[in-house]
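Chemist: For reference, this is input-v4.cif, and it has mmCIF, C-alpha atoms.
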```cif
data_run
#
loop_
_atom_site.label_atom_id
_atom_site.label_comp_id
_atom_site.auth_asym_id
_atom_site.auth_seq_id
_atom_site.Cartn_x
_atom_site.Cartn_y
_atom_site.Cartn_z
CA MET A 1 0.00 0.00 0.00
CA ALA A 2 2.46 2.61 -1.16
CA GLU A 3 -0.22 4.99 -2.35
CA LYS A 4 -0.36 8.42 -0.82
CA PRO A 5 -3.32 9.25 1.41
CA LEU A 6 -5.94 11.31 -0.42
CA PHE A 7 -7.77 14.07 1.43
CA HIS A 8 -11.26 15.22 0.56
CA TYR A 9 -12.16 18.62 1.97
CA ASP A 10 -12.64 22.17 0.84
CA GLU A 11 -9.60 24.31 0.20
CA ALA A 12 -9.53 25.79 3.68
CA ARG A 13 -8.34 24.99 7.16
CA GLY A 14 -11.54 23.89 8.85
CA ARG A 15 -11.55 20.41 10.29
CA MET A 16 -8.80 19.15 8.01
CA GLU A 17 -6.00 21.49 9.02
CA SER A 18 -4.98 19.50 12.11
CA VAL A 19 -4.66 16.41 9.91
CA ARG A 20 -2.45 18.37 7.50
CA TRP A 21 -0.24 19.45 10.40
CA LEU A 22 0.00 15.91 11.69
CA LEU A 23 1.10 14.45 8.37
CA ALA A 24 3.52 17.29 7.85
CA ALA A 25 5.09 16.46 11.22
CA ALA A 26 5.20 12.77 10.32
CA GLY A 27 6.86 13.68 7.04
CA VAL A 28 4.20 11.85 5.05
CA GLU A 29 3.19 13.03 1.60
CA TYR A 30 -0.48 13.23 0.76
CA GLU A 31 -2.70 14.46 -2.01
CA GLU A 32 -5.75 16.64 -1.75
CA LYS A 33 -8.88 16.62 -3.81
CA PHE A 34 -10.59 19.88 -3.02
CA ILE A 35 -14.32 20.26 -2.87
CA HIS A 36 -15.04 23.50 -4.68
CA THR A 37 -18.80 23.44 -5.05
CA ASN A 38 -21.91 22.01 -3.47
CA GLU A 39 -22.12 19.67 -6.49
CA ASP A 40 -18.68 18.25 -5.64
CA LEU A 41 -19.92 17.53 -2.12
CA GLU A 42 -23.22 16.07 -3.33
CA LYS A 43 -21.33 13.81 -5.71
CA LEU A 44 -19.27 12.37 -2.86
CA ARG A 45 -22.47 11.89 -0.89
CA SER A 46 -24.30 10.11 -3.67
CA ASP A 47 -21.28 7.92 -4.36
CA GLY A 48 -21.75 6.60 -0.83
CA VAL A 49 -18.18 7.33 0.25
CA LEU A 50 -19.04 9.54 3.23
CA MET A 51 -20.26 7.44 6.12
CA PHE A 52 -22.15 10.30 7.76
CA GLN A 53 -22.47 12.53 4.65
CA GLN A 54 -19.69 14.72 6.02
CA VAL A 55 -16.11 15.65 5.31
CA PRO A 56 -13.22 15.52 6.21
CA MET A 57 -12.76 12.20 4.49
CA VAL A 58 -9.39 10.58 3.91
CA GLU A 59 -8.70 7.63 1.67
CA VAL A 60 -5.92 5.66 3.29
CA ASP A 61 -4.85 2.01 3.23
CA GLY A 62 -8.02 0.95 1.44
CA MET A 63 -10.31 2.75 3.89
CA LYS A 64 -12.47 5.81 3.44
CA LEU A 65 -12.10 7.30 6.89
CA VAL A 66 -14.32 10.09 8.15
CA GLN A 67 -14.41 11.97 11.44
CA THR A 68 -11.39 14.08 12.32
CA ARG A 69 -10.51 12.19 15.49
CA ALA A 70 -10.68 8.80 13.79
CA ILE A 71 -8.36 10.08 11.06
CA MET A 72 -5.95 11.69 13.54
CA ASN A 73 -5.80 8.57 15.73
CA TYR A 74 -5.15 6.31 12.76
CA PHE A 75 -2.28 8.40 11.45
CA SER A 76 -0.89 8.88 14.95
CA SER A 77 -0.82 5.11 15.51
CA LYS A 78 0.58 4.40 12.09
CA TYR A 79 3.37 6.98 12.30
CA ASN A 80 4.24 6.37 15.91
CA LEU A 81 3.01 9.67 17.30
CA TYR A 82 0.73 8.14 19.91
CA GLY A 83 2.89 7.15 22.87
CA LYS A 84 4.43 3.85 23.85
CA ASP A 85 1.66 2.43 26.03
CA MET A 86 -1.91 2.98 27.13
CA LYS A 87 -1.07 5.41 29.91
CA GLU A 88 0.93 7.62 27.58
CA ARG A 89 -1.93 7.45 25.10
CA ALA A 90 -4.34 8.53 27.85
CA LEU A 91 -2.28 11.67 28.47
CA ILE A 92 -1.89 12.34 24.76
CA ASP A 93 -5.66 11.98 24.33
CA MET A 94 -6.43 14.22 27.28
CA TYR A 95 -4.12 16.95 26.03
CA SER A 96 -5.36 16.61 22.45
CA GLU A 97 -8.98 16.88 23.53
CA GLY A 98 -8.37 20.10 25.44
CA LEU A 99 -6.74 21.50 22.32
CA ALA A 100 -9.59 20.21 20.17
CA ASP A 101 -12.04 22.19 22.32
CA LEU A 102 -10.07 25.36 21.74
CA ASN A 103 -9.70 24.51 18.06
CA GLU A 104 -13.46 24.08 17.72
CA MET A 105 -13.95 27.69 18.75
CA PHE A 106 -11.23 28.72 16.33
CA ILE A 107 -12.83 26.86 13.43
CA LEU A 108 -16.28 28.31 14.05
CA TYR A 109 -15.73 31.96 14.94
CA PRO A 110 -15.17 33.28 11.40
CA PHE A 111 -18.77 32.31 10.63
CA ASP A 112 -20.23 34.18 13.59
CA PRO A 113 -22.33 37.30 13.02
CA PRO A 114 -20.66 40.63 13.85
CA GLY A 115 -20.71 41.29 17.57
CA VAL A 116 -20.78 37.60 18.41
CA LYS A 117 -17.52 37.18 16.52
CA GLU A 118 -15.66 39.76 18.61
CA ALA A 119 -17.03 38.22 21.80
CA ASN A 120 -15.84 34.79 20.74
CA ILE A 121 -12.38 36.06 19.85
CA ALA A 122 -12.14 37.60 23.30
CA LEU A 123 -13.36 34.38 24.88
CA MET A 124 -10.81 32.30 22.97
CA LYS A 125 -7.96 34.56 23.99
CA GLU A 126 -9.16 34.41 27.56
CA LYS A 127 -9.36 30.60 27.51
CA ALA A 128 -5.99 30.24 25.83
CA THR A 129 -4.33 32.57 28.32
CA ASN A 130 -6.05 31.44 31.50
CA ARG A 131 -6.97 27.82 30.91
CA TYR A 132 -5.15 26.02 28.12
CA PHE A 133 -1.68 27.54 27.88
CA PRO A 134 -1.11 27.57 31.66
CA ALA A 135 -2.11 23.89 31.79
CA PHE A 136 0.47 23.00 29.14
CA GLU A 137 3.16 25.28 30.51
CA LYS A 138 2.68 23.43 33.80
CA VAL A 139 3.16 20.05 32.11
CA PHE A 140 6.52 21.17 30.72
CA GLU A 141 7.48 22.68 34.04
CA SER A 142 6.62 19.46 35.86
CA HIS A 143 8.87 17.15 33.83
CA GLY A 144 11.34 19.52 32.20
CA GLN A 145 11.33 17.54 28.97
CA ASP A 146 11.22 18.66 25.36
CA TYR A 147 7.89 17.07 24.51
CA LEU A 148 4.57 16.81 26.34
CA VAL A 149 4.51 13.04 26.80
CA GLY A 150 7.20 10.40 27.16
CA ASN A 151 10.06 12.69 26.11
CA LYS A 152 9.17 12.07 22.48
CA LEU A 153 7.16 13.84 19.79
CA SER A 154 3.46 12.92 19.75
CA LYS A 155 0.31 14.20 18.12
CA ALA A 156 -0.31 16.33 21.21
CA ASP A 157 2.83 18.42 20.58
CA VAL A 158 1.90 18.97 16.96
CA HIS A 159 -1.64 19.95 17.88
CA LEU A 160 -0.38 22.31 20.58
CA VAL A 161 1.97 24.10 18.21
CA GLU A 162 -0.79 24.40 15.62
CA MET A 163 -2.98 26.03 18.27
CA ILE A 164 -0.15 28.35 19.31
CA TYR A 165 0.13 29.58 15.72
CA ASN A 166 -3.65 30.00 15.54
CA MET A 167 -3.85 31.96 18.78
CA GLU A 168 -0.93 34.14 17.72
CA GLU A 169 -2.98 35.18 14.71
CA LEU A 170 -5.47 36.61 17.20
CA ASP A 171 -2.87 38.12 19.49
CA THR A 172 0.82 38.17 18.58
CA ASN A 173 1.70 38.54 22.23
CA ILE A 174 -0.31 35.63 23.54
CA LEU A 175 2.72 33.52 24.50
CA ALA A 176 4.39 36.32 26.45
CA ASN A 177 4.02 34.61 29.82
CA PHE A 178 4.70 31.09 28.63
CA PRO A 179 8.45 30.66 28.09
CA LEU A 180 8.29 26.87 27.88
CA LEU A 181 5.62 27.02 25.21
CA GLN A 182 7.73 29.50 23.29
CA ALA A 183 10.58 27.02 23.45
CA LEU A 184 8.31 24.22 22.21
CA LYS A 185 7.12 26.36 19.35
CA THR A 186 10.69 27.04 18.27
CA ARG A 187 11.71 23.41 18.67
CA ILE A 188 8.82 22.04 16.61
CA SER A 189 9.02 24.82 14.02
CA ASP A 190 12.67 23.91 13.46
CA MET A 191 11.88 20.31 12.60
CA PRO A 192 12.75 20.07 8.90
CA THR A 193 9.32 18.76 7.88
CA ILE A 194 7.44 21.41 9.85
CA LYS A 195 9.81 24.10 8.69
CA LYS A 196 8.88 23.20 5.15
CA PHE A 197 5.20 23.13 6.03
CA LEU A 198 5.44 26.64 7.48
CA GLN A 199 6.93 28.03 4.30
CA PRO A 200 4.84 29.58 1.54
CA GLY A 201 3.77 27.12 -1.13
CA SER A 202 3.23 24.24 1.28
CA GLN A 203 -0.10 22.48 1.80
CA ARG A 204 -0.79 24.60 4.84
CA GLN A 205 -3.92 26.69 4.36
CA PRO A 206 -3.97 30.45 4.98
CA PRO A 207 -6.28 32.07 7.52
CA VAL A 208 -9.88 32.30 6.38
CA ASP A 209 -10.90 35.50 4.66
CA GLU A 210 -14.23 36.87 3.49
CA LYS A 211 -13.93 35.12 0.14
CA SER A 212 -13.22 31.69 1.60
CA ILE A 213 -16.05 32.14 4.10
CA GLN A 214 -18.49 32.76 1.26
CA LYS A 215 -17.16 29.77 -0.64
CA THR A 216 -17.47 27.49 2.37
CA ARG A 217 -21.01 28.69 3.01
CA LYS A 218 -21.98 27.88 -0.56
CA ILE A 219 -20.45 24.41 -0.49
CA PHE A 220 -22.03 23.40 2.78
CA LYS A 221 -25.17 25.54 2.39
CA PHE A 222 -25.28 27.28 5.72
CA MET B 223 -3.50 -0.67 41.64
CA SER B 224 -6.68 -2.43 42.58
CA GLY B 225 -8.75 0.57 43.72
CA LYS B 226 -11.98 1.11 41.89
CA PRO B 227 -12.14 4.02 39.46
CA VAL B 228 -13.73 7.11 41.01
CA LEU B 229 -15.95 9.18 38.75
CA HIS B 230 -16.31 12.90 39.44
CA TYR B 231 -19.37 14.46 37.88
CA PHE B 232 -22.80 15.57 38.85
CA ASN B 233 -25.58 13.09 39.53
CA ALA B 234 -26.90 13.07 35.98
CA ARG B 235 -26.13 11.67 32.56
CA GLY B 236 -24.34 14.53 30.83
CA ARG B 237 -20.88 13.76 29.56
CA MET B 238 -20.29 10.98 32.07
CA GLU B 239 -23.06 8.56 31.13
CA CYS B 240 -21.18 6.95 28.23
CA ILE B 241 -18.29 6.28 30.63
CA ARG B 242 -20.65 4.65 33.14
CA TRP B 243 -22.02 2.51 30.32
CA LEU B 244 -18.60 1.41 29.17
CA LEU B 245 -17.40 0.49 32.65
CA ALA B 246 -20.62 -1.37 33.37
CA ALA B 247 -20.37 -3.31 30.11
CA ALA B 248 -16.77 -4.21 30.91
CA GLY B 249 -17.95 -5.51 34.28
CA VAL B 250 -15.85 -2.97 36.17
CA GLU B 251 -17.11 -1.66 39.49
CA PHE B 252 -16.74 2.07 40.06
CA ASP B 253 -17.45 4.67 42.70
CA GLU B 254 -18.97 8.05 42.07
CA LYS B 255 -18.33 11.28 43.83
CA PHE B 256 -21.11 13.63 42.87
CA ILE B 257 -20.64 17.34 42.50
CA GLN B 258 -23.58 18.87 44.30
CA SER B 259 -22.74 22.53 44.61
CA PRO B 260 -20.61 25.23 42.99
CA GLU B 261 -18.29 24.86 46.00
CA ASP B 262 -17.69 21.17 45.22
CA LEU B 263 -16.60 22.09 41.72
CA GLU B 264 -14.46 25.00 42.92
CA LYS B 265 -12.75 22.70 45.36
CA LEU B 266 -11.82 20.22 42.63
CA LYS B 267 -10.44 23.06 40.54
CA LYS B 268 -8.50 24.59 43.38
CA ASP B 269 -6.95 21.29 44.35
CA GLY B 270 -5.51 21.15 40.85
CA ASN B 271 -7.36 17.96 39.98
CA LEU B 272 -8.93 19.15 36.75
CA MET B 273 -6.50 19.60 33.89
CA PHE B 274 -8.74 22.06 32.03
CA ASP B 275 -10.96 23.04 34.97
CA GLN B 276 -13.70 20.76 33.67
CA VAL B 277 -15.45 17.54 34.51
CA PRO B 278 -15.90 14.63 33.75
CA MET B 279 -12.82 13.56 35.64
CA VAL B 280 -12.01 9.96 36.49
CA GLU B 281 -9.40 8.79 38.94
CA ILE B 282 -8.02 5.58 37.55
CA ASP B 283 -4.71 3.75 37.86
CA GLY B 284 -3.07 6.71 39.57
CA MET B 285 -4.18 9.20 36.93
CA LYS B 286 -6.72 11.98 37.10
CA LEU B 287 -8.08 11.76 33.60
CA ALA B 288 -10.19 14.53 32.13
CA GLN B 289 -11.95 14.71 28.76
CA THR B 290 -14.62 12.16 27.87
CA ARG B 291 -12.84 10.69 24.87
CA ALA B 292 -9.54 10.28 26.67
CA ILE B 293 -11.33 8.43 29.46
CA LEU B 294 -13.30 6.23 27.06
CA ASN B 295 -10.20 5.36 25.03
CA TYR B 296 -8.29 4.36 28.13
CA ILE B 297 -11.04 2.16 29.51
CA ALA B 298 -11.68 0.59 26.10
CA THR B 299 -7.99 -0.25 25.68
CA LYS B 300 -7.59 -1.57 29.19
CA TYR B 301 -10.60 -3.87 28.99
CA ASP B 302 -9.93 -5.04 25.45
CA LEU B 303 -12.95 -3.39 23.87
CA TYR B 304 -11.04 -1.46 21.21
CA GLY B 305 -10.50 -3.91 18.35
CA LYS B 306 -7.57 -6.13 17.50
CA ASP B 307 -5.49 -3.78 15.36
CA MET B 308 -5.10 -0.25 14.05
CA LYS B 309 -7.61 -0.71 11.23
CA GLU B 310 -10.31 -2.06 13.50
CA ARG B 311 -9.65 0.84 15.85
CA ALA B 312 -10.06 3.26 12.96
CA LEU B 313 -13.52 1.86 12.25
CA ILE B 314 -14.40 1.87 15.93
CA ASP B 315 -13.28 5.50 16.21
CA MET B 316 -15.17 6.52 13.09
CA TYR B 317 -18.41 4.90 14.25
CA THR B 318 -17.94 6.19 17.79
CA GLU B 319 -17.56 9.78 16.60
CA GLY B 320 -20.77 9.59 14.57
CA ILE B 321 -22.59 8.19 17.60
CA LEU B 322 -21.21 10.91 19.85
CA ASP B 323 -22.28 13.61 17.36
CA LEU B 324 -25.87 12.42 17.30
CA THR B 325 -25.93 11.82 21.07
CA GLU B 326 -24.71 15.38 21.57
CA MET B 327 -27.41 16.70 19.27
CA ILE B 328 -30.16 14.87 21.17
CA MET B 329 -28.71 15.74 24.61
CA GLN B 330 -28.48 19.45 23.73
CA LEU B 331 -32.23 19.60 23.10
CA VAL B 332 -32.99 19.69 26.82
CA ILE B 333 -31.02 22.88 27.36
CA CYS B 334 -31.93 24.56 24.09
CA PRO B 335 -33.78 27.92 24.27
CA PRO B 336 -37.56 27.54 23.73
CA ASP B 337 -37.61 29.56 20.51
CA GLN B 338 -35.14 27.15 18.85
CA LYS B 339 -36.54 23.97 20.26
CA GLU B 340 -38.88 23.06 17.45
CA ALA B 341 -36.35 23.54 14.67
CA LYS B 342 -33.62 21.68 16.53
CA THR B 343 -35.93 18.82 17.41
CA ALA B 344 -36.92 18.47 13.76
CA LEU B 345 -33.27 18.53 12.69
CA ALA B 346 -32.28 15.90 15.25
CA LYS B 347 -35.10 13.63 14.07
CA ASP B 348 -34.11 14.09 10.47
CA ARG B 349 -30.45 13.32 11.19
CA THR B 350 -31.38 10.27 13.25
CA LYS B 351 -33.63 8.83 10.59
CA ASN B 352 -31.83 9.84 7.43
CA ARG B 353 -28.16 10.04 8.34
CA TYR B 354 -27.01 8.11 11.40
CA LEU B 355 -29.32 5.12 11.80
CA PRO B 356 -29.16 4.20 8.09
CA ALA B 357 -25.35 4.28 8.28
CA PHE B 358 -25.29 1.77 11.13
CA GLU B 359 -28.05 -0.41 9.68
CA LYS B 360 -25.89 -0.59 6.55
CA VAL B 361 -22.80 -1.70 8.49
CA LEU B 362 -24.73 -4.54 10.12
CA LYS B 363 -26.24 -5.51 6.80
CA SER B 364 -22.90 -5.43 4.97
CA HIS B 365 -21.24 -8.07 7.14
CA GLY B 366 -24.20 -9.85 8.73
CA GLN B 367 -22.39 -10.14 12.06
CA ASP B 368 -23.66 -9.66 15.58
CA TYR B 369 -21.29 -6.81 16.45
CA LEU B 370 -20.27 -3.73 14.52
CA VAL B 371 -16.53 -4.41 14.22
CA GLY B 372 -14.48 -7.60 14.12
CA ASN B 373 -17.32 -9.98 15.00
CA ARG B 374 -16.92 -9.41 18.70
CA LEU B 375 -18.02 -6.95 21.36
CA THR B 376 -16.24 -3.59 21.36
CA ARG B 377 -16.90 -0.23 22.91
CA VAL B 378 -18.75 0.96 19.84
CA ASP B 379 -21.51 -1.62 20.35
CA ILE B 380 -22.04 -0.23 23.81
CA HIS B 381 -22.06 3.35 22.54
CA LEU B 382 -24.57 2.41 19.84
CA LEU B 383 -26.88 0.66 22.28
CA GLU B 384 -26.79 3.71 24.55
CA LEU B 385 -27.66 5.92 21.58
CA LEU B 386 -30.51 3.65 20.47
CA LEU B 387 -32.03 3.87 23.93
CA TYR B 388 -31.86 7.68 23.79
CA VAL B 389 -33.45 7.62 20.36
CA GLU B 390 -36.21 5.46 21.77
CA GLU B 391 -36.82 7.94 24.61
CA PHE B 392 -36.75 10.78 22.10
CA ASP B 393 -39.15 9.25 19.57
CA ALA B 394 -39.55 5.49 19.43
CA SER B 395 -41.05 5.62 15.93
CA LEU B 396 -37.63 6.65 14.58
CA LEU B 397 -36.44 3.07 15.02
CA THR B 398 -39.23 1.37 13.11
CA SER B 399 -37.56 1.09 9.72
CA PHE B 400 -34.32 -0.38 11.05
CA PRO B 401 -34.84 -4.09 11.72
CA LEU B 402 -31.16 -4.92 12.16
CA LEU B 403 -30.68 -2.14 14.70
CA LYS B 404 -33.72 -3.34 16.62
CA ALA B 405 -32.29 -6.86 16.72
CA PHE B 406 -28.90 -5.42 17.71
CA LYS B 407 -30.53 -3.50 20.53
CA SER B 408 -32.13 -6.56 22.08
CA ARG B 409 -28.99 -8.65 21.53
CA ILE B 410 -26.65 -6.22 23.28
CA SER B 411 -29.22 -5.47 25.98
CA SER B 412 -29.25 -9.11 26.97
CA LEU B 413 -25.50 -9.38 27.58
CA PRO B 414 -25.25 -10.12 31.32
CA ASN B 415 -23.32 -6.98 32.35
CA VAL B 416 -25.53 -4.78 30.22
CA LYS B 417 -28.69 -6.43 31.48
CA LYS B 418 -27.64 -5.71 35.03
CA PHE B 419 -26.91 -2.07 34.22
CA LEU B 420 -30.35 -1.70 32.64
CA GLN B 421 -32.10 -2.83 35.79
CA PRO B 422 -33.44 -0.36 38.36
CA GLY B 423 -31.01 0.40 41.15
CA SER B 424 -27.92 0.37 38.93
CA GLN B 425 -25.64 3.39 38.49
CA ARG B 426 -27.37 4.28 35.26
CA LYS B 427 -28.91 7.75 35.34
CA LEU B 428 -32.44 8.70 34.38
CA PRO B 429 -33.36 11.26 31.74
CA VAL B 430 -32.77 14.80 32.93
CA ASP B 431 -35.72 16.71 34.27
CA ALA B 432 -36.26 20.44 34.72
CA LYS B 433 -35.01 20.36 38.30
CA GLN B 434 -31.72 18.76 37.33
CA ILE B 435 -31.17 21.31 34.59
CA GLU B 436 -31.64 24.11 37.09
CA GLU B 437 -29.17 22.44 39.43
CA ALA B 438 -26.63 21.98 36.66
CA ARG B 439 -27.02 25.61 35.61
CA LYS B 440 -26.22 26.68 39.14
CA ILE B 441 -23.17 24.47 39.44
CA PHE B 442 -21.71 25.11 36.02
CA LYS B 443 -23.03 28.63 35.63
CA PHE B 444 -24.39 28.45 32.10
#
```
Produce structure tokens that represent the structure in this file.
Modeler:
Amino acid sequence: MAEKPLFHYDEARGRMESVRWLLAAAGVEYEEKFIHTNEDLEKLRSDGVLMFQQVPMVEVDGMKLVQTRAIMNYFSSKYNLYGKDMKERALIDMYSEGLADLNEMFILYPFDPPGVKEANIALMKEKATNRYFPAFEKVFESHGQDYLVGNKLSKADVHLVEMIYNMEELDTNILANFPLLQALKTRISDMPTIKKFLQPGSQRQPPVDEKSIQKTRKIFKF
Amino acid sequence: MSGKPVLHYFNARGRMECIRWLLAAAGVEFDEKFIQSPEDLEKLKKDGNLMFDQVPMVEIDGMKLAQTRAILNYIATKYDLYGKDMKERALIDMYTEGILDLTEMIMQLVICPPDQKEAKTALAKDRTKNRYLPAFEKVLKSHGQDYLVGNRLTRVDIHLLELLLYVEEFDASLLTSFPLLKAFKSRISSLPNVKKFLQPGSQRKLPVDAKQIEEARKIFKF
């Protein structure tokens, strides 16, 4: 099964971006088939390849996997980014789920009506600063290691750095009081595969803008 | 490490019920420490027991695990309810996430503002009938086996049974056109551990009522 994984999603960050980050960190090449119109999406649906009529969907190893967490867990297991035993996996899952909660807010806020949007940005910054980043800073402080779990790169580190970049788009100063998270960001950003991913022309998607919001609304009809 | 797991949550279904179900199905005894006031929750936070200041939290094997999915994954792995390999786990994860999405949708109805209730109820019924239940009926039909994955009991069978019981409480007529799911429901319900959990006096929680919602609002301030 030497074929590259094939991603089906629209050409935007959304619920696929964490998967893109993960594969970039794993150094795995993948292809993307972008959904550009509602017809593209309806075609996938009528072909019966979307278990719950939703994307992200990833074709990998003969499967048509849907649901972000299922996709992330599969790649994490396959590329050894999921700890060495069940207790390490429990920590990795716990950390990843906290980050997924923050990410959910980040994915949704661009679609909020004016007023609500500003409130949600403020809320996200508040949660990042007072809940999530302190919790992770504390983990690094407690063990003094380079990675969150087991002294080795896992999906939780990749997800954390992705969220750091996202939150910095909202507030460039957001890491000011988190020196250990700054160090993690530098460390992960210097990994050759991530370095490449962070450069222009990679498969990383840019922040959403008004045009991409309109396009997404049309595809998914909301 | 032979102590029973201790579950920290309030005395209601919420985000802990699927964990109670999984433990019960695995035949694992557990204790519950109910959060009954805002002070109880504050105390847990202040003692540094909640990674992201949230419950559910489960004390198990020396860990204080937060985040529903992290807890479920750990229990499922420990009690061998998570498939035999990475590919089975991918299916289990994919099905589980669909089940959790619909469960969330149905659960949210009880706290939804009155002016949105009708529309959201209609949407949840539509999704149940036209998206989620057909997908699972199709899985059972495709392989003709008694369990969803790998021809033996896994966590996802327990999650699906739990969902089917919620659907039945919500609107029993939604199940009528799914003969394989109905058969699945009675089959899984008659497994000895499950049967015991379904009997009165078990740790299973009843549907939420107005009083419980008020209590939860007070404790969690929403």
Chemist: Give me, as a PDB file with C-alpha atoms, in the frame of the given file, the contact residues of chain B against chain A at a cut-off of 8 Å, counting all atoms listed in the file.
Modeler:
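Contents of out_31.pdb, as written:
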```pdb
ATOM      1  CA  MET B 273      -6.500  19.600  33.890  1.00  0.00           C
ATOM      2  CA  PHE B 274      -8.740  22.060  32.030  1.00  0.00           C
ATOM      3  CA  ASP B 275     -10.960  23.040  34.970  1.00  0.00           C
ATOM      4  CA  LEU B 287      -8.080  11.760  33.600  1.00  0.00           C
ATOM      5  CA  ALA B 288     -10.190  14.530  32.130  1.00  0.00           C
ATOM      6  CA  GLN B 289     -11.950  14.710  28.760  1.00  0.00           C
ATOM      7  CA  ARG B 291     -12.840  10.690  24.870  1.00  0.00           C
ATOM      8  CA  ALA B 292      -9.540  10.280  26.670  1.00  0.00           C
ATOM      9  CA  ILE B 293     -11.330   8.430  29.460  1.00  0.00           C
ATOM     10  CA  ASN B 295     -10.200   5.360  25.030  1.00  0.00           C
ATOM     11  CA  TYR B 296      -8.290   4.360  28.130  1.00  0.00           C
ATOM     12  CA  THR B 299      -7.990  -0.250  25.680  1.00  0.00           C
ATOM     13  CA  LYS B 300      -7.590  -1.570  29.190  1.00  0.00           C
ATOM     14  CA  MET B 308      -5.100  -0.250  14.050  1.00  0.00           C
ATOM     15  CA  LYS B 309      -7.610  -0.710  11.230  1.00  0.00           C
ATOM     16  CA  ARG B 311      -9.650   0.840  15.850  1.00  0.00           C
ATOM     17  CA  ALA B 312     -10.060   3.260  12.960  1.00  0.00           C
ATOM     18  CA  LEU B 313     -13.520   1.860  12.250  1.00  0.00           C
ATOM     19  CA  ASP B 315     -13.280   5.500  16.210  1.00  0.00           C
ATOM     20  CA  MET B 316     -15.170   6.520  13.090  1.00  0.00           C
ATOM     21  CA  GLU B 319     -17.560   9.780  16.600  1.00  0.00           C
ATOM     22  CA  GLY B 320     -20.770   9.590  14.570  1.00  0.00           C
ATOM     23  CA  ARG B 353     -28.160  10.040   8.340  1.00  0.00           C
ATOM     24  CA  TYR B 354     -27.010   8.110  11.400  1.00  0.00           C
ATOM     25  CA  ALA B 357     -25.350   4.280   8.280  1.00  0.00           C
TER      26      ALA B 357
END
```
Chemist: Could you give me, as number ranges by chain, the residues that have an atom at most 7 Å away from the point (-6.9, 30.1, 18.0) in the coordinates of the file, using all atoms listed in the file?
Modeler: A: 102-103, 106, 124, 163, 166-167, 170
Chemist: Any chance you could export the current selection's C-alpha atoms as a short mmCIF file (atom, residue, chain, number, x, y, z; two decimals), in the coordinates of the input?
Modeler:
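Final output, selection_22.cif:
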```
data_model
loop_
_atom_site.label_atom_id
_atom_site.label_comp_id
_atom_site.auth_asym_id
_atom_site.auth_seq_id
_atom_site.Cartn_x
_atom_site.Cartn_y
_atom_site.Cartn_z
CA LEU A 102 -10.07 25.36 21.74
CA ASN A 103 -9.70 24.51 18.06
CA PHE A 106 -11.23 28.72 16.33
CA MET A 124 -10.81 32.30 22.97
CA MET A 163 -2.98 26.03 18.27
CA ASN A 166 -3.65 30.00 15.54
CA MET A 167 -3.85 31.96 18.78
CA LEU A 170 -5.47 36.61 17.20
#
```
Chemist: Any chance you could work out the residue set of the PyMOL selection byres ((chain B and resi 280) around 7) here, as a list of chain:residue names?
Modeler: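 On this input, the PyMOL selection byres ((chain B and resi 280) around 7) captures B:Pro227, B:Val228, B:Leu229, B:His230, B:Pro278, B:Met279, B:Glu281, B:Ile282, B:Lys286, B:Leu287, B:Ala288.
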Chemist: Suppose you want the space between atom CA of Ile107 of chain A and atom CA of Glu39 of chain A; what is it in Å?
Modeler: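 Taking atom CA of Ile107 of chain A as the start and atom CA of Glu39 of chain A as the end point, the length is 23.1 Å.
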Chemist: Given the file shown, determine the residues that the PyMOL selection byres ((chain A and resi 204) around 10) selects; report them as a list of chain:residue names.
Modeler: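 So the PyMOL selection byres ((chain A and resi 204) around 10) ends up selecting A:Glu11, A:Ala12, A:Arg13, A:Glu17, A:Ser18, A:Arg20, A:Trp21, A:Ala24, A:Lys196, A:Phe197, A:Leu198, A:Gln199, A:Pro200, A:Gly201, A:Ser202, A:Gln203, A:Gln205, A:Pro206, A:Pro207.
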Chemist: Using all atoms listed in the file, determine which residues lie at most 9 Å from Gly27 of chain A, disregarding the query and same-chain residues fewer than 4 positions distant; provide the list as a short mmCIF file (atom, residue, chain, number, x, y, z; two decimals) with C-alpha atoms, in the frame of the given file.
Modeler:
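The file below, part_4.cif, is the result:
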```
data_model
loop_
_atom_site.label_atom_id
_atom_site.label_comp_id
_atom_site.auth_asym_id
_atom_site.auth_seq_id
_atom_site.Cartn_x
_atom_site.Cartn_y
_atom_site.Cartn_z
CA LEU A 22 0.00 15.91 11.69
CA LEU A 23 1.10 14.45 8.37
CA PRO A 192 12.75 20.07 8.90
CA THR A 193 9.32 18.76 7.88
CA ILE A 194 7.44 21.41 9.85
#
```
Chemist: Decode the PyMOL selection byres ((chain B and resi 301) around 10) for the given file into explicit residues and return them as a list in words.
Modeler: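 That expression, the PyMOL selection byres ((chain B and resi 301) around 10), corresponds here to Leu244, Leu245, Ala247, Ala248, Gly249, Val250, Tyr296, Ile297, Ala298, Thr299, Lys300, Asp302, Leu303, Tyr304, Thr376 and Arg377 of chain B.
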Chemist: Would you mind reading off the distance between atom CA of Met238 of chain B and atom CA of Arg15 of chain A, one decimal, in Å?
Modeler: 25.3 Å
Chemist: Considering all atoms listed in the file, state which residue in the set B:Ala394, B:Ile333, B:Leu294, B:Leu322 is at the smallest distance from Arg439 of chain B.
Modeler: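 Among B:Ala394, B:Ile333, B:Leu294, B:Leu322, it is B:Ile333 that comes nearest to Arg439 of chain B.
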Chemist: Find the residues near Leu385 of chain B: any atom within 9 Å, counting all atoms listed in the file, skip ones fewer than 4 places away on the same chain, and give them as a PyMOL selection string.
Modeler: chain B and resi 321-322+324-325+380-381+389-390
Chemist: To one decimal in Å, tell me the separation between atom CA of Glu251 of chain B and atom CA of Leu420 of chain B.
Modeler: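 Here the two named atoms are 14.9 Å from each other.
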